Amino acid sequence: MSVTLDQPDLAQSTDVAVQLSGVAKVFGHGRDAVTALENVDLTVAPGEFVCLLGASGCGKSTMLNLVAELDAPTTGTITRNTTRPAVMFQDPALMPWLTAGRNVELALRLAGFPRTGRREKAAELLKLVRLEGQERKRPHELSGGMRQRVALARSLASTHRTGAEDRPALLLMDEPFAALDAMTKDVMQGELLRIQAQLQSSVLFVTHDVREAVRLGQRIVLLSSRPGRVVREWQDTPDEDSPDLVDEINAKLREVISTHARKSA
Ligand SMILES: Nc1ncnc2c1ncn2[C@@H]1O[C@H](COP(=O)(O)OP(=O)(O)OP(=O)(O)O)[C@@H](O)[C@H]1O
């Protein structure tokens, strides 16, 4: 196994935020082994928004976990030239006994932000996600969408860079808006695009939702199922809604799912 992470002196460091080369992940052993990912090559540029799309069980979350160093690949290399990545899930998983402000402050503390100015920085991040004045509310006093905004502010807090570090931030998002109602989801997608354009973070965003991928991603990567492999990429996707592209990707996704179903039959 070869895993290379956090190497600021990479030759290609200026144009690569994350690079997966020949990555495979196998869970279990022998007859029970599950190959979740096989021979995955993927590069994310600094400031790029990449959506990972695929059927349930194709290895999207596994890939995020590997990039986040929550797990290690079985084979292959992962190179990351970013700040410590922030991970955001469908469940905001806020500390229920802490206020919104304190939840964000905690992430800043864990990211090494100095005590002085931490409260102000948390307030600034909550303002960025349009929760100005809500710092003292506890999670149960907030709506689902507001809780996800706090979770987004907390993610941004955890990408904090120390000192002269000049590496791009990386957000790893695992279906963060899947549990929200359609209108709140739409608003949150817009907010994420606004914030990403402002902060120029690299984003690796997992979704099942083709429309969401088309709206958010500058690049869309389609994975096959078991083993998860990159089967198709769409580059430079348009900013505006593009029903034709949604139809094209849906057709390809259906094809990938039916091929998998035939293989498993
Ligand atoms: N810890 C584990 N032990 C064994 N198998 C696992 C483990 N984690 C994931 N898998 C298997 O690896 C495959 C990929 O799982 P993963 O959760 O990455 O898929 P996914 O694309 O994120 O799915 P979903 O869209 O349903 O969340 C699945 O077959 C899953 O059962």
# chains A, B, ... in the order shown; residues from 1 in each chain; ligands from 1
$ residues_near_ligand --ligand "ligand 1" --cutoff "7 Å" --atoms "only C-alpha atoms and all ligand atoms" --output "JSON list (two decimals) with N, CA and C atoms, in the first residue's frame"
[["chain", "number", "residue", "atom", "x", "y", "z"],
["A", 27, "PHE", "N", -12.84, -4.36, 1.08],
["A", 27, "PHE", "CA", -13.25, -4.61, 2.47],
["A", 27, "PHE", "C", -13.33, -6.12, 2.67],
["A", 28, "GLY", "N", -12.88, -6.59, 3.80],
["A", 28, "GLY", "CA", -12.99, -8.01, 4.12],
["A", 28, "GLY", "C", -11.96, -8.85, 3.37],
["A", 34, "VAL", "N", -15.23, -7.53, -0.46],
["A", 34, "VAL", "CA", -16.00, -6.62, -1.33],
["A", 34, "VAL", "C", -15.04, -5.59, -1.90],
["A", 35, "THR", "N", -14.95, -5.57, -3.24],
["A", 35, "THR", "CA", -14.10, -4.55, -3.87],
["A", 35, "THR", "C", -14.96, -3.32, -4.08],
["A", 36, "ALA", "N", -14.80, -2.35, -3.19],
["A", 36, "ALA", "CA", -15.63, -1.14, -3.27],
["A", 36, "ALA", "C", -15.13, -0.21, -4.37],
["A", 54, "GLY", "N", -23.24, 8.35, -8.72],
["A", 54, "GLY", "CA", -23.28, 6.91, -8.97],
["A", 54, "GLY", "C", -24.41, 6.28, -8.19],
["A", 55, "ALA", "N", -24.71, 5.04, -8.54],
["A", 55, "ALA", "CA", -25.79, 4.33, -7.86],
["A", 55, "ALA", "C", -25.37, 4.03, -6.42],
["A", 56, "SER", "N", -26.36, 3.69, -5.63],
["A", 56, "SER", "CA", -26.10, 3.33, -4.24],
["A", 56, "SER", "C", -25.10, 2.19, -4.17],
["A", 57, "GLY", "N", -24.10, 2.34, -3.30],
["A", 57, "GLY", "CA", -23.13, 1.26, -3.09],
["A", 57, "GLY", "C", -21.97, 1.25, -4.07],
["A", 58, "CYS", "N", -21.83, 2.31, -4.88],
["A", 58, "CYS", "CA", -20.75, 2.29, -5.89],
["A", 58, "CYS", "C", -19.41, 2.77, -5.32],
["A", 59, "GLY", "N", -19.39, 3.16, -4.07],
["A", 59, "GLY", "CA", -18.10, 3.50, -3.46],
["A", 59, "GLY", "C", -17.84, 4.99, -3.30],
["A", 60, "LYS", "N", -18.89, 5.81, -3.42],
["A", 60, "LYS", "CA", -18.70, 7.26, -3.31],
["A", 60, "LYS", "C", -18.21, 7.66, -1.92],
["A", 61, "SER", "N", -18.91, 7.14, -0.90],
["A", 61, "SER", "CA", -18.52, 7.50, 0.47],
["A", 61, "SER", "C", -17.15, 6.92, 0.81],
["A", 62, "THR", "N", -16.89, 5.73, 0.29],
["A", 62, "THR", "CA", -15.57, 5.12, 0.53],
["A", 62, "THR", "C", -14.48, 6.03, -0.02],
["A", 63, "MET", "N", -14.72, 6.60, -1.20],
["A", 63, "MET", "CA", -13.71, 7.47, -1.79],
["A", 63, "MET", "C", -13.49, 8.71, -0.93],
["A", 208, "HIS", "N", -26.53, 11.51, -5.29],
["A", 208, "HIS", "CA", -27.27, 10.59, -6.15],
["A", 208, "HIS", "C", -28.03, 11.36, -7.21],
["A", 226, "ARG", "N", -19.68, -1.67, -7.82],
["A", 226, "ARG", "CA", -18.98, -2.90, -7.43],
["A", 226, "ARG", "C", -18.28, -3.65, -8.54]]
$ residues_around --residues "Leu52 (chain A)" --least-positions-apart "5" --cutoff "10 Å" --atoms "only C-alpha atoms" --output "ChimeraX atom specification"
/A:59-61,63-64,173-175,204-210,213,217,219-223,230,233
$ residues_around --residues "Gln148 (chain A)" --least-positions-apart "3" --cutoff "6 Å" --atoms "only C-alpha atoms" --output "ChimeraX atom specification"
/A:92,145,151
$ write_last_selection --atoms "N, CA and C atoms" --output "CSV table (one decimal), in the first residue's frame"
chain,number,residue,atom,x,y,z
A,92,PRO,N,-26.3,16.9,10.1
A,92,PRO,CA,-25.4,18.0,10.5
A,92,PRO,C,-24.5,17.6,11.7
A,145,GLY,N,-32.6,23.4,7.7
A,145,GLY,CA,-31.7,24.1,6.8
A,145,GLY,C,-30.7,25.0,7.6
A,151,ALA,N,-23.5,23.6,10.1
A,151,ALA,CA,-22.6,22.5,9.8
A,151,ALA,C,-21.6,23.0,8.6
$ atom_distance --atom1 "CA of Gln189 (chain A)" --atom2 "CA of Asp71 (chain A)"
28.0 Å
$ select_by_dssp --residues "region 12-165 of chain A" --states "helix (DSSP H, G or I)" --output "PyMOL selection string"
chain A and resi 30-32+60-67+100-110+118-128+139-141+144-158
$ write_last_selection --atoms "C-alpha atoms" --output "PDB file, in the first residue's frame"
ATOM      1  CA  GLY A  30     -11.457 -14.225   0.936  1.00  0.00           C
ATOM      2  CA  ARG A  31     -14.943 -15.113  -0.201  1.00  0.00           C
ATOM      3  CA  ASP A  32     -16.444 -12.259   1.806  1.00  0.00           C
ATOM      4  CA  LYS A  60     -18.697   7.263  -3.313  1.00  0.00           C
ATOM      5  CA  SER A  61     -18.522   7.498   0.472  1.00  0.00           C
ATOM      6  CA  THR A  62     -15.571   5.118   0.528  1.00  0.00           C
ATOM      7  CA  MET A  63     -13.708   7.469  -1.795  1.00  0.00           C
ATOM      8  CA  LEU A  64     -14.416  10.494   0.416  1.00  0.00           C
ATOM      9  CA  ASN A  65     -13.291   8.550   3.477  1.00  0.00           C
ATOM     10  CA  LEU A  66     -10.011   7.684   1.763  1.00  0.00           C
ATOM     11  CA  VAL A  67      -9.355  11.299   0.770  1.00  0.00           C
ATOM     12  CA  ALA A 100     -24.270  27.518  16.986  1.00  0.00           C
ATOM     13  CA  GLY A 101     -21.375  29.854  17.745  1.00  0.00           C
ATOM     14  CA  ARG A 102     -19.712  27.368  20.103  1.00  0.00           C
ATOM     15  CA  ASN A 103     -20.085  24.539  17.589  1.00  0.00           C
ATOM     16  CA  VAL A 104     -18.112  26.606  15.080  1.00  0.00           C
ATOM     17  CA  GLU A 105     -15.605  27.747  17.712  1.00  0.00           C
ATOM     18  CA  LEU A 106     -14.925  24.126  18.627  1.00  0.00           C
ATOM     19  CA  ALA A 107     -13.982  23.345  15.012  1.00  0.00           C
ATOM     20  CA  LEU A 108     -11.700  26.384  14.956  1.00  0.00           C
ATOM     21  CA  ARG A 109     -10.020  25.222  18.149  1.00  0.00           C
ATOM     22  CA  LEU A 110      -9.464  21.724  16.748  1.00  0.00           C
ATOM     23  CA  ARG A 118     -11.940  32.680  17.827  1.00  0.00           C
ATOM     24  CA  ARG A 119     -15.360  34.000  18.749  1.00  0.00           C
ATOM     25  CA  GLU A 120     -15.114  36.759  16.143  1.00  0.00           C
ATOM     26  CA  LYS A 121     -14.005  34.270  13.502  1.00  0.00           C
ATOM     27  CA  ALA A 122     -16.959  31.983  14.340  1.00  0.00           C
ATOM     28  CA  ALA A 123     -19.329  34.962  14.037  1.00  0.00           C
ATOM     29  CA  GLU A 124     -17.742  35.838  10.683  1.00  0.00           C
ATOM     30  CA  LEU A 125     -18.280  32.284   9.380  1.00  0.00           C
ATOM     31  CA  LEU A 126     -21.880  32.239  10.613  1.00  0.00           C
ATOM     32  CA  LYS A 127     -22.392  35.537   8.817  1.00  0.00           C
ATOM     33  CA  LEU A 128     -20.974  33.963   5.647  1.00  0.00           C
ATOM     34  CA  PRO A 139     -29.309  23.239  17.397  1.00  0.00           C
ATOM     35  CA  HIS A 140     -32.836  22.297  18.535  1.00  0.00           C
ATOM     36  CA  GLU A 141     -33.862  25.962  18.209  1.00  0.00           C
ATOM     37  CA  GLY A 144     -33.073  21.734   9.432  1.00  0.00           C
ATOM     38  CA  GLY A 145     -31.721  24.135   6.814  1.00  0.00           C
ATOM     39  CA  MET A 146     -30.253  26.405   9.497  1.00  0.00           C
ATOM     40  CA  ARG A 147     -28.574  23.436  11.166  1.00  0.00           C
ATOM     41  CA  GLN A 148     -26.981  22.528   7.826  1.00  0.00           C
ATOM     42  CA  ARG A 149     -25.792  26.128   7.530  1.00  0.00           C
ATOM     43  CA  VAL A 150     -24.106  25.790  10.940  1.00  0.00           C
ATOM     44  CA  ALA A 151     -22.578  22.499   9.752  1.00  0.00           C
ATOM     45  CA  LEU A 152     -21.273  24.294   6.652  1.00  0.00           C
ATOM     46  CA  ALA A 153     -19.787  27.091   8.781  1.00  0.00           C
ATOM     47  CA  ARG A 154     -18.210  24.431  10.993  1.00  0.00           C
ATOM     48  CA  SER A 155     -16.736  22.701   7.924  1.00  0.00           C
ATOM     49  CA  LEU A 156     -15.256  25.975   6.731  1.00  0.00           C
ATOM     50  CA  ALA A 157     -13.850  26.517  10.244  1.00  0.00           C
ATOM     51  CA  SER A 158     -12.120  23.184  10.201  1.00  0.00           C
TER      52      SER A 158
END
$ closest_residue --among "A:Thr74, A:Ala68, A:Val203, A:Pro114" --to "His29 (chain A)" --atoms "only C-alpha atoms"
A:Thr74
$ atom_distance --atom1 "CA of Glu135 (chain A)" --atom2 "CA of Thr83 (chain A)"
25.6 Å
$ select_by_dssp --residues "region 17-95 of chain A" --states "strand (DSSP E)" --output "VMD selection string"
chain A and resid 18 to 27 34 to 44 49 to 54 75 to 80 86 to 89
$ write_last_selection --atoms "N, CA and C atoms" --output "compact mmCIF listing (two decimals), in the first residue's frame"
# COMPACT_ATOMS: atom_id res chain seq x y z
N VAL A 18 -6.07 17.44 -5.15
CA VAL A 18 -6.17 16.03 -4.74
C VAL A 18 -5.93 15.16 -5.96
N GLN A 19 -5.18 14.10 -5.76
CA GLN A 19 -4.96 13.17 -6.87
C GLN A 19 -5.03 11.73 -6.37
N LEU A 20 -5.92 10.97 -7.00
CA LEU A 20 -5.98 9.54 -6.70
C LEU A 20 -5.41 8.81 -7.92
N SER A 21 -4.46 7.91 -7.68
CA SER A 21 -3.85 7.17 -8.79
C SER A 21 -3.95 5.68 -8.52
N GLY A 22 -4.66 5.00 -9.38
CA GLY A 22 -4.79 3.54 -9.26
C GLY A 22 -5.32 3.08 -7.91
N VAL A 23 -6.27 3.83 -7.37
CA VAL A 23 -6.75 3.52 -6.02
C VAL A 23 -7.76 2.36 -6.03
N ALA A 24 -7.53 1.42 -5.16
CA ALA A 24 -8.50 0.33 -4.93
C ALA A 24 -8.78 0.23 -3.45
N LYS A 25 -9.99 -0.19 -3.13
CA LYS A 25 -10.32 -0.45 -1.72
C LYS A 25 -11.12 -1.74 -1.64
N VAL A 26 -10.58 -2.68 -0.90
CA VAL A 26 -11.27 -3.96 -0.70
C VAL A 26 -11.59 -4.08 0.79
N PHE A 27 -12.84 -4.36 1.08
CA PHE A 27 -13.25 -4.61 2.47
C PHE A 27 -13.33 -6.12 2.67
N VAL A 34 -15.23 -7.53 -0.46
CA VAL A 34 -16.00 -6.62 -1.33
C VAL A 34 -15.04 -5.59 -1.90
N THR A 35 -14.95 -5.57 -3.24
CA THR A 35 -14.10 -4.55 -3.87
C THR A 35 -14.96 -3.32 -4.08
N ALA A 36 -14.80 -2.35 -3.19
CA ALA A 36 -15.63 -1.14 -3.27
C ALA A 36 -15.13 -0.21 -4.37
N LEU A 37 -13.82 -0.11 -4.52
CA LEU A 37 -13.24 0.76 -5.56
C LEU A 37 -12.13 0.00 -6.27
N GLU A 38 -11.99 0.23 -7.58
CA GLU A 38 -10.95 -0.47 -8.32
C GLU A 38 -10.33 0.48 -9.34
N ASN A 39 -9.03 0.60 -9.26
CA ASN A 39 -8.26 1.36 -10.26
C ASN A 39 -8.85 2.75 -10.55
N VAL A 40 -9.05 3.51 -9.49
CA VAL A 40 -9.64 4.85 -9.65
C VAL A 40 -8.53 5.89 -9.82
N ASP A 41 -8.60 6.62 -10.91
CA ASP A 41 -7.72 7.77 -11.15
C ASP A 41 -8.59 9.01 -11.17
N LEU A 42 -8.25 9.98 -10.36
CA LEU A 42 -9.07 11.19 -10.31
C LEU A 42 -8.21 12.35 -9.81
N THR A 43 -8.36 13.48 -10.45
CA THR A 43 -7.62 14.67 -10.00
C THR A 43 -8.61 15.81 -9.76
N VAL A 44 -8.42 16.51 -8.66
CA VAL A 44 -9.23 17.71 -8.38
C VAL A 44 -8.27 18.89 -8.34
N PHE A 49 -14.82 22.36 -8.38
CA PHE A 49 -15.98 21.73 -7.74
C PHE A 49 -16.29 20.47 -8.53
N VAL A 50 -16.01 19.31 -7.92
CA VAL A 50 -16.21 18.04 -8.62
C VAL A 50 -17.33 17.27 -7.93
N CYS A 51 -18.30 16.82 -8.71
CA CYS A 51 -19.38 15.99 -8.15
C CYS A 51 -19.15 14.53 -8.50
N LEU A 52 -19.28 13.68 -7.51
CA LEU A 52 -19.19 12.23 -7.71
C LEU A 52 -20.59 11.68 -7.72
N LEU A 53 -20.92 11.01 -8.82
CA LEU A 53 -22.28 10.54 -9.02
C LEU A 53 -22.25 9.04 -9.24
N GLY A 54 -23.24 8.35 -8.72
CA GLY A 54 -23.28 6.91 -8.97
C GLY A 54 -24.41 6.28 -8.19
N THR A 75 -4.75 -0.50 -2.35
CA THR A 75 -3.60 -0.21 -3.22
C THR A 75 -3.81 1.16 -3.82
N GLY A 76 -2.73 1.71 -4.38
CA GLY A 76 -2.83 3.00 -5.04
C GLY A 76 -2.32 4.13 -4.17
N THR A 77 -2.35 5.30 -4.75
CA THR A 77 -1.76 6.47 -4.10
C THR A 77 -2.76 7.62 -4.05
N ILE A 78 -2.82 8.27 -2.90
CA ILE A 78 -3.65 9.48 -2.80
C ILE A 78 -2.74 10.62 -2.38
N THR A 79 -2.73 11.65 -3.19
CA THR A 79 -1.90 12.81 -2.89
C THR A 79 -2.82 13.99 -2.62
N ARG A 80 -2.55 14.67 -1.54
CA ARG A 80 -3.40 15.82 -1.22
C ARG A 80 -2.51 17.02 -0.93
N ALA A 86 -12.27 19.30 5.33
CA ALA A 86 -13.48 19.32 6.15
C ALA A 86 -14.45 18.32 5.56
N VAL A 87 -15.15 17.59 6.39
CA VAL A 87 -16.12 16.62 5.90
C VAL A 87 -17.50 17.04 6.37
N MET A 88 -18.44 17.03 5.43
CA MET A 88 -19.82 17.40 5.80
C MET A 88 -20.76 16.29 5.32
N PHE A 89 -21.62 15.84 6.22
CA PHE A 89 -22.52 14.73 5.91
C PHE A 89 -23.96 15.21 5.83
$ atom_distance --atom1 "CA of Met95 (chain A)" --atom2 "CA of Gly47 (chain A)"
29.5 Å
$ residues_around --residues "Arg262 (chain A)" --least-positions-apart "6" --cutoff "12 Å" --atoms "only C-alpha atoms" --output "list of chain:residue names"
A:Ser225, A:Glu255, A:Val256
$ residues_around --residues "Asp241 (chain A)" --least-positions-apart "5" --cutoff "9 Å" --atoms "only C-alpha atoms" --output "compact mmCIF listing (two decimals) with C-alpha atoms, in the first residue's frame"
# COMPACT_ATOMS: atom_id res chain seq x y z
CA ARG A 211 -29.83 17.61 -11.31
CA VAL A 214 -25.28 19.43 -12.95
CA ARG A 215 -26.12 22.55 -10.99
CA VAL A 246 -29.36 16.03 -17.06
